[in-house]
Amino acid sequence: MKKILLLLLPLVALHVSAQGLKDVFKKDFLVGVSLNPRNVRNANEKDLVRKEFNSVTCENAMKPGELHPSPNEWKWEEADRIANFCRENGIKMRGHCLVWHNQFAEWMYYDDKGGFVDKETFYARLKDHIQTVMNRYKDITYCWDVVNEAMSDSGENPYRESKLYQLCGDEFIAKAFQFAREADPKAILFYNDYNETNPRKSKNIYEMVLRMRSEGVPIDGIGMQGHYNIYGPDAKELEDALTLYAPLVEHIHITELDVRINKEMGGQLKFSKEGASVNDTIQALHAQQYERLFKSFRKFHDKIDCVTFWNLHDGCSWLGEKNYPLLFDAALQPKPAYYRLIK
Ligand code: XIL
């Protein structure tokens, strides 16, 4: 008997280590990752994706400015490369993103003389963009971030005063969701934003989505980016936001999770690339914060159907390696936070 057990032991160990995050959270939600085209050219990184994740987002490759830099120019190569990797491996994709004030197809705003076009011209261009992109990836994208970051971080106006807003007011949000629904009635459509645990911003997001839905705008879900740090949000702040959004929409996704080791948080594109020095205390706080976050996500597993990490490993994080944000280091080795989650 003892002999048989000893023989079985390596098999059991193999089975345990073969479990990825996607298996550990199988009953709760999909576990996703955002990828750049280099990730899917690298055999070790591809193995890591296959082992750990069952949802993929393009970090940049499907953004309007990347795909559609000028009126008659479409650049599909990088997005296709990532989509084909997902097709070959049976991994679903979150589409990201159709309308954002950054990395946008800026030409859509302007006429030949450099002035703003009228709204109708802008909407015709936007509709063509949204529907062309969604049609191309319809077979593989189960959802889309339709509008990204339309709300402000501070000030009187709940809306971000972007060029989109200057040209269309908040109507561009409604139009974008309508164009998206027409293109693919099966895709789950998300409004996505950061600092969603800030009470002012979460209230503004809540009120915008509530009003739009009451007017028939097809917003199915709220994407909470989740660019957090080791100090916050705490469980209460996060769960307050989840409690607010849960009755409002059918789906919540955590769309861009990372945990910095300095005090910055949010999706603003300006940030410090300096973390703090990584010592035992910082590592423990980092692991603890991930554990706390996933405990809260699990509590809301009925609503949260996907949690996506923003980048595969620290070496390719948009925040830089020194911010120590992810579960894998630049050598693809799991960090303490990974073991905490797997456990
Ligand atoms: C970031 C990418 O990670 C960077 O490579 C790029 O330079 C800027 O955009 N919120 C979002 C993401 O919705 O699309 C952003 O991604 C990070 C903040």
# chains A, B, ... in the order shown; residues from 1 in each chain; ligands from 1

$ residues_around --residues "range 321-324 of chain A" --least-positions-apart "5" --cutoff "7 Å" --atoms "only C-alpha atoms" --output "PDB file with all heavy atoms, in the first residue's frame"
ATOM      1  N   ARG A 260       0.298  48.019  -7.702  1.00  0.00           N
ATOM      2  CA  ARG A 260       1.602  48.691  -7.586  1.00  0.00           C
ATOM      3  C   ARG A 260       2.110  48.685  -6.155  1.00  0.00           C
ATOM      4  O   ARG A 260       1.309  48.568  -5.231  1.00  0.00           O
ATOM      5  CB  ARG A 260       1.450  50.165  -7.991  1.00  0.00           C
ATOM      6  CG  ARG A 260       1.453  50.373  -9.460  1.00  0.00           C
ATOM      7  CD  ARG A 260       1.056  51.808  -9.777  1.00  0.00           C
ATOM      8  NE  ARG A 260      -0.282  51.782 -10.342  1.00  0.00           N
ATOM      9  CZ  ARG A 260      -0.756  52.718 -11.160  1.00  0.00           C
ATOM     10  NH1 ARG A 260      -0.031  53.770 -11.466  1.00  0.00           N
ATOM     11  NH2 ARG A 260      -1.962  52.616 -11.653  1.00  0.00           N
ATOM     12  N   ILE A 261       3.405  48.897  -5.992  1.00  0.00           N
ATOM     13  CA  ILE A 261       3.921  48.925  -4.622  1.00  0.00           C
ATOM     14  C   ILE A 261       4.200  50.343  -4.149  1.00  0.00           C
ATOM     15  O   ILE A 261       4.759  50.547  -3.085  1.00  0.00           O
ATOM     16  CB  ILE A 261       5.167  48.028  -4.445  1.00  0.00           C
ATOM     17  CG1 ILE A 261       6.279  48.433  -5.402  1.00  0.00           C
ATOM     18  CG2 ILE A 261       4.798  46.576  -4.642  1.00  0.00           C
ATOM     19  CD1 ILE A 261       7.575  47.676  -5.152  1.00  0.00           C
ATOM     20  N   LYS A 273       7.659  55.449 -12.674  1.00  0.00           N
ATOM     21  CA  LYS A 273       8.106  54.073 -12.942  1.00  0.00           C
ATOM     22  C   LYS A 273       8.925  53.541 -11.774  1.00  0.00           C
ATOM     23  O   LYS A 273       9.437  52.432 -11.808  1.00  0.00           O
ATOM     24  CB  LYS A 273       8.922  54.013 -14.232  1.00  0.00           C
ATOM     25  CG  LYS A 273       8.066  54.287 -15.445  1.00  0.00           C
ATOM     26  CD  LYS A 273       8.348  53.323 -16.583  1.00  0.00           C
ATOM     27  CE  LYS A 273       7.312  53.538 -17.683  1.00  0.00           C
ATOM     28  NZ  LYS A 273       7.314  52.558 -18.731  1.00  0.00           N
ATOM     29  N   GLU A 274       9.070  54.380 -10.740  1.00  0.00           N
ATOM     30  CA  GLU A 274       9.796  53.930  -9.559  1.00  0.00           C
ATOM     31  C   GLU A 274       8.819  53.258  -8.611  1.00  0.00           C
ATOM     32  O   GLU A 274       7.803  53.842  -8.251  1.00  0.00           O
ATOM     33  CB  GLU A 274      10.428  55.130  -8.833  1.00  0.00           C
ATOM     34  CG  GLU A 274      11.482  55.842  -9.653  1.00  0.00           C
ATOM     35  CD  GLU A 274      12.562  54.908 -10.177  1.00  0.00           C
ATOM     36  OE1 GLU A 274      13.052  54.073  -9.393  1.00  0.00           O
ATOM     37  OE2 GLU A 274      12.902  54.987 -11.371  1.00  0.00           O
ATOM     38  N   GLY A 275       9.093  52.073  -8.182  1.00  0.00           N
ATOM     39  CA  GLY A 275       8.237  51.426  -7.196  1.00  0.00           C
ATOM     40  C   GLY A 275       8.724  51.813  -5.813  1.00  0.00           C
ATOM     41  O   GLY A 275       8.872  52.978  -5.482  1.00  0.00           O
ATOM     42  N   ASP A 314       5.873  41.148 -14.924  1.00  0.00           N
ATOM     43  CA  ASP A 314       6.401  42.480 -14.593  1.00  0.00           C
ATOM     44  C   ASP A 314       7.279  43.069 -15.696  1.00  0.00           C
ATOM     45  O   ASP A 314       7.311  44.278 -15.898  1.00  0.00           O
ATOM     46  CB  ASP A 314       7.210  42.422 -13.282  1.00  0.00           C
ATOM     47  CG  ASP A 314       6.301  42.309 -12.058  1.00  0.00           C
ATOM     48  OD1 ASP A 314       5.066  42.421 -12.220  1.00  0.00           O
ATOM     49  OD2 ASP A 314       6.828  42.100 -10.948  1.00  0.00           O
ATOM     50  N   GLY A 315       7.969  42.192 -16.418  1.00  0.00           N
ATOM     51  CA  GLY A 315       8.878  42.681 -17.466  1.00  0.00           C
ATOM     52  C   GLY A 315       8.153  43.347 -18.622  1.00  0.00           C
ATOM     53  O   GLY A 315       8.754  44.136 -19.353  1.00  0.00           O
TER      54      GLY A 315
END

$ residues_around --residues "range 114-126 of chain A" --least-positions-apart "4" --cutoff "7 Å" --atoms "only C-alpha atoms" --output "number ranges by chain"
A: 108-110, 130, 167-168

$ residues_near_ligand --ligand "ligand 1" --cutoff "10 Å" --atoms "only C-alpha atoms and all ligand atoms" --output "number ranges by chain"
A: 34-36, 57-63, 96-97, 100, 102-103, 145, 147-149, 192-194, 223-227, 255-257, 266-270, 310-311, 316-319

$ select_by_dssp --residues "range 69-200 of chain A" --states "strand (DSSP E or B)" --output "ChimeraX atom specification"
/A:70,73,92-99,110,116,141-148,151,159,188-193

$ select_by_dssp --residues "range 37-249 of chain A" --states "helix (DSSP H, G or I)" --output "VMD selection string"
chain A and resid 39 to 41 43 to 52 64 to 67 77 to 89 106 to 109 119 to 137 163 to 168 171 to 183 199 to 214 235 to 245

$ residues_around --residues "Pro218 in chain A" --least-positions-apart "2" --cutoff "9 Å" --atoms "only C-alpha atoms" --output "list in words"
Ala174, Phe177, Gln178, Ala180, Arg181, Leu189, Met212, Arg213, Gly216 and Asp220 of chain A

$ write_last_selection --atoms "N, CA, C and O atoms" --output "mmCIF file, in the first residue's frame"
data_model
loop_
_atom_site.group_PDB
_atom_site.id
_atom_site.type_symbol
_atom_site.label_atom_id
_atom_site.label_comp_id
_atom_site.auth_asym_id
_atom_site.auth_seq_id
_atom_site.Cartn_x
_atom_site.Cartn_y
_atom_site.Cartn_z
ATOM 1 N N ALA A 174 -24.106 56.731 -26.017
ATOM 2 C CA ALA A 174 -25.301 56.013 -26.479
ATOM 3 C C ALA A 174 -25.099 55.482 -27.896
ATOM 4 O O ALA A 174 -25.408 54.323 -28.206
ATOM 5 N N PHE A 177 -22.731 52.400 -28.125
ATOM 6 C CA PHE A 177 -23.347 51.144 -27.684
ATOM 7 C C PHE A 177 -24.383 50.649 -28.704
ATOM 8 O O PHE A 177 -24.485 49.445 -28.952
ATOM 9 N N GLN A 178 -25.118 51.585 -29.312
ATOM 10 C CA GLN A 178 -26.097 51.143 -30.318
ATOM 11 C C GLN A 178 -25.404 50.517 -31.527
ATOM 12 O O GLN A 178 -25.814 49.465 -32.019
ATOM 13 N N ALA A 180 -22.568 49.082 -31.584
ATOM 14 C CA ALA A 180 -21.967 47.808 -31.175
ATOM 15 C C ALA A 180 -23.035 46.716 -31.098
ATOM 16 O O ALA A 180 -22.820 45.590 -31.552
ATOM 17 N N ARG A 181 -24.175 47.038 -30.528
ATOM 18 C CA ARG A 181 -25.249 46.032 -30.418
ATOM 19 C C ARG A 181 -25.698 45.554 -31.801
ATOM 20 O O ARG A 181 -25.907 44.365 -32.028
ATOM 21 N N LEU A 189 -21.742 43.974 -23.760
ATOM 22 C CA LEU A 189 -21.184 45.311 -23.994
ATOM 23 C C LEU A 189 -20.905 46.036 -22.668
ATOM 24 O O LEU A 189 -21.803 46.181 -21.830
ATOM 25 N N MET A 212 -28.710 55.974 -18.911
ATOM 26 C CA MET A 212 -28.595 55.468 -20.289
ATOM 27 C C MET A 212 -29.438 54.200 -20.464
ATOM 28 O O MET A 212 -30.139 54.048 -21.452
ATOM 29 N N ARG A 213 -29.350 53.300 -19.496
ATOM 30 C CA ARG A 213 -30.122 52.049 -19.627
ATOM 31 C C ARG A 213 -31.622 52.338 -19.639
ATOM 32 O O ARG A 213 -32.376 51.720 -20.395
ATOM 33 N N GLY A 216 -32.783 53.048 -22.894
ATOM 34 C CA GLY A 216 -32.675 51.963 -23.884
ATOM 35 C C GLY A 216 -31.285 51.732 -24.449
ATOM 36 O O GLY A 216 -31.111 50.962 -25.397
ATOM 37 N N ASP A 220 -24.542 46.394 -21.016
ATOM 38 C CA ASP A 220 -24.790 45.145 -20.274
ATOM 39 C C ASP A 220 -23.940 45.025 -19.020
ATOM 40 O O ASP A 220 -24.266 44.265 -18.111
#

$ residues_around --residues "Ile205 in chain A" --least-positions-apart "4" --cutoff "8 Å" --atoms "only C-alpha atoms" --output "MDAnalysis selection string"
chainID A and resid 151 196 201 209

$ write_last_selection --atoms "C-alpha atoms" --output "compact mmCIF listing (two decimals), in the first residue's frame"
# COMPACT_ATOMS: atom_id res chain seq x y z
CA MET A 151 -16.18 60.04 -16.77
CA GLU A 196 -14.23 53.10 -9.72
CA LYS A 201 -16.60 58.67 -9.53
CA VAL A 209 -25.31 53.92 -16.67

$ closest_residue --among "A:Leu327, A:Met134, A:Ile188, A:Ala79" --to "Gln283 in chain A" --atoms "only C-alpha atoms"
A:Leu327

$ atom_distance --atom1 "CA of Pro334 in chain A" --atom2 "CA of Phe300 in chain A"
26.0 Å

$ closest_atom_pairs --of "range 135-214 of chain A" --to "range 228-246 of chain A" --cutoff "7 Å" --atoms "only C-alpha atoms" --output "CSV"
residue,atom,partner,partner_atom,distance
A:Glu196,CA,A:Ala241,CA,6.9
A:Thr197,CA,A:Ala241,CA,5.5
A:Ser202,CA,A:Ala241,CA,6.7
A:Tyr206,CA,A:Tyr245,CA,6.8

$ residues_around --residues "range 89-91 of chain A" --least-positions-apart "3" --cutoff "12 Å" --atoms "only C-alpha atoms" --output "MDAnalysis selection string"
chainID A and resid 22 30:33 40 46:47 49:57 82:86 94 139:142

$ write_last_selection --atoms "C-alpha atoms" --output "PDB file, in the first residue's frame"
ATOM      1  CA  LYS A  22      -8.054  29.528 -14.442  1.00  0.00           C
ATOM      2  CA  LEU A  30     -12.687  33.459 -16.019  1.00  0.00           C
ATOM      3  CA  VAL A  31      -9.140  34.623 -15.341  1.00  0.00           C
ATOM      4  CA  GLY A  32      -7.786  36.754 -18.149  1.00  0.00           C
ATOM      5  CA  VAL A  33      -4.612  38.526 -19.220  1.00  0.00           C
ATOM      6  CA  VAL A  40       2.481  35.441 -28.681  1.00  0.00           C
ATOM      7  CA  LYS A  46       2.557  31.276 -24.734  1.00  0.00           C
ATOM      8  CA  ASP A  47       2.880  28.243 -22.449  1.00  0.00           C
ATOM      9  CA  VAL A  49      -0.826  31.952 -20.982  1.00  0.00           C
ATOM     10  CA  ARG A  50      -2.198  28.499 -21.846  1.00  0.00           C
ATOM     11  CA  LYS A  51      -1.548  27.212 -18.342  1.00  0.00           C
ATOM     12  CA  GLU A  52      -2.918  30.105 -16.320  1.00  0.00           C
ATOM     13  CA  PHE A  53      -5.562  31.992 -18.291  1.00  0.00           C
ATOM     14  CA  ASN A  54      -8.812  31.416 -20.155  1.00  0.00           C
ATOM     15  CA  SER A  55      -9.541  34.930 -21.439  1.00  0.00           C
ATOM     16  CA  VAL A  56      -7.308  37.315 -23.398  1.00  0.00           C
ATOM     17  CA  THR A  57      -7.447  41.057 -24.053  1.00  0.00           C
ATOM     18  CA  ILE A  82      -3.198  37.688 -30.977  1.00  0.00           C
ATOM     19  CA  ALA A  83      -6.690  36.648 -32.144  1.00  0.00           C
ATOM     20  CA  ASN A  84      -5.208  33.703 -34.084  1.00  0.00           C
ATOM     21  CA  PHE A  85      -3.284  32.549 -31.020  1.00  0.00           C
ATOM     22  CA  CYS A  86      -6.592  32.582 -29.120  1.00  0.00           C
ATOM     23  CA  ARG A  94     -12.439  40.456 -24.366  1.00  0.00           C
ATOM     24  CA  ASP A 139     -16.076  34.566 -33.810  1.00  0.00           C
ATOM     25  CA  ILE A 140     -13.671  35.046 -30.914  1.00  0.00           C
ATOM     26  CA  THR A 141     -14.693  38.114 -28.852  1.00  0.00           C
ATOM     27  CA  TYR A 142     -17.431  37.357 -26.352  1.00  0.00           C
TER      28      TYR A 142
END

$ residues_around --residues "Lys343 in chain A" --least-positions-apart "4" --cutoff "9 Å" --atoms "only C-alpha atoms" --output "list of chain:residue names"
A:Val24, A:Tyr338, A:Tyr339

$ decode --residues "range 97-130 of chain A" --atoms "N, CA and C atoms" --output "CSV table (one decimal), in the first residue's frame"
chain,number,residue,atom,x,y,z
A,97,CYS,N,-10.5,48.4,-27.3
A,97,CYS,CA,-11.7,49.0,-26.9
A,97,CYS,C,-12.2,49.8,-28.1
A,98,LEU,N,-13.5,50.2,-28.2
A,98,LEU,CA,-14.0,50.8,-29.4
A,98,LEU,C,-14.0,52.3,-29.3
A,99,VAL,N,-14.2,52.9,-28.2
A,99,VAL,CA,-14.1,54.4,-28.1
A,99,VAL,C,-13.4,54.8,-26.8
A,100,TRP,N,-12.3,55.5,-27.0
A,100,TRP,CA,-11.5,56.0,-25.9
A,100,TRP,C,-10.9,57.3,-26.3
A,101,HIS,N,-10.7,58.3,-25.4
A,101,HIS,CA,-10.1,59.5,-25.8
A,101,HIS,C,-8.6,59.4,-26.0
A,102,ASN,N,-8.0,58.3,-25.5
A,102,ASN,CA,-6.6,58.1,-25.8
A,102,ASN,C,-6.5,57.0,-26.9
A,103,GLN,N,-5.4,57.0,-27.6
A,103,GLN,CA,-5.1,56.0,-28.7
A,103,GLN,C,-6.4,55.9,-29.6
A,104,PHE,N,-7.0,57.0,-29.9
A,104,PHE,CA,-8.2,57.0,-30.7
A,104,PHE,C,-7.8,57.3,-32.1
A,105,ALA,N,-8.7,57.0,-33.1
A,105,ALA,CA,-8.5,57.4,-34.5
A,105,ALA,C,-8.8,58.8,-34.6
A,106,GLU,N,-7.9,59.7,-34.3
A,106,GLU,CA,-8.1,61.1,-34.1
A,106,GLU,C,-8.7,61.8,-35.4
A,107,TRP,N,-8.4,61.2,-36.6
A,107,TRP,CA,-8.9,61.7,-37.8
A,107,TRP,C,-10.4,61.8,-37.9
A,108,MET,N,-11.0,61.0,-37.1
A,108,MET,CA,-12.5,60.9,-37.1
A,108,MET,C,-13.1,62.3,-36.7
A,109,TYR,N,-12.4,63.0,-35.9
A,109,TYR,CA,-13.0,64.3,-35.4
A,109,TYR,C,-13.0,65.4,-36.5
A,110,TYR,N,-12.0,65.3,-37.4
A,110,TYR,CA,-11.7,66.5,-38.2
A,110,TYR,C,-12.2,66.5,-39.7
A,111,ASP,N,-12.4,67.7,-40.2
A,111,ASP,CA,-12.7,67.8,-41.7
A,111,ASP,C,-11.3,68.1,-42.4
A,112,ASP,N,-11.4,68.4,-43.7
A,112,ASP,CA,-10.2,68.6,-44.4
A,112,ASP,C,-9.4,69.9,-44.0
A,113,LYS,N,-10.2,70.8,-43.4
A,113,LYS,CA,-9.5,72.1,-43.0
A,113,LYS,C,-9.0,72.1,-41.5
A,114,GLY,N,-9.2,70.9,-40.9
A,114,GLY,CA,-8.7,70.8,-39.5
A,114,GLY,C,-9.7,71.2,-38.5
A,115,GLY,N,-11.0,71.6,-38.9
A,115,GLY,CA,-12.0,71.9,-37.9
A,115,GLY,C,-12.8,70.6,-37.6
A,116,PHE,N,-13.6,70.7,-36.5
A,116,PHE,CA,-14.4,69.5,-36.1
A,116,PHE,C,-15.4,69.2,-37.2
A,117,VAL,N,-15.6,68.0,-37.5
A,117,VAL,CA,-16.7,67.6,-38.4
A,117,VAL,C,-18.1,67.8,-37.7
A,118,ASP,N,-19.2,67.7,-38.4
A,118,ASP,CA,-20.4,67.7,-37.7
A,118,ASP,C,-20.7,66.4,-37.1
A,119,LYS,N,-21.6,66.3,-36.1
A,119,LYS,CA,-21.8,65.1,-35.4
A,119,LYS,C,-22.2,63.9,-36.3
A,120,GLU,N,-23.0,64.2,-37.3
A,120,GLU,CA,-23.5,63.1,-38.2
A,120,GLU,C,-22.3,62.5,-38.9
A,121,THR,N,-21.4,63.3,-39.4
A,121,THR,CA,-20.2,62.7,-40.1
A,121,THR,C,-19.4,61.9,-39.1
A,122,PHE,N,-19.2,62.4,-37.9
A,122,PHE,CA,-18.5,61.7,-36.9
A,122,PHE,C,-19.1,60.4,-36.6
A,123,TYR,N,-20.5,60.4,-36.4
A,123,TYR,CA,-21.2,59.1,-36.1
A,123,TYR,C,-21.1,58.1,-37.2
A,124,ALA,N,-21.1,58.6,-38.5
A,124,ALA,CA,-21.0,57.7,-39.6
A,124,ALA,C,-19.6,57.0,-39.6
A,125,ARG,N,-18.6,57.8,-39.3
A,125,ARG,CA,-17.2,57.2,-39.2
A,125,ARG,C,-17.1,56.2,-38.1
A,126,LEU,N,-17.7,56.6,-36.9
A,126,LEU,CA,-17.6,55.8,-35.7
A,126,LEU,C,-18.3,54.4,-36.0
A,127,LYS,N,-19.5,54.5,-36.6
A,127,LYS,CA,-20.3,53.3,-36.8
A,127,LYS,C,-19.5,52.4,-37.8
A,128,ASP,N,-18.9,52.9,-38.8
A,128,ASP,CA,-18.2,52.1,-39.7
A,128,ASP,C,-17.0,51.5,-39.0
A,129,HIS,N,-16.3,52.2,-38.2
A,129,HIS,CA,-15.2,51.7,-37.4
A,129,HIS,C,-15.6,50.5,-36.5
A,130,ILE,N,-16.6,50.8,-35.7
A,130,ILE,CA,-17.0,49.8,-34.7
A,130,ILE,C,-17.5,48.6,-35.4
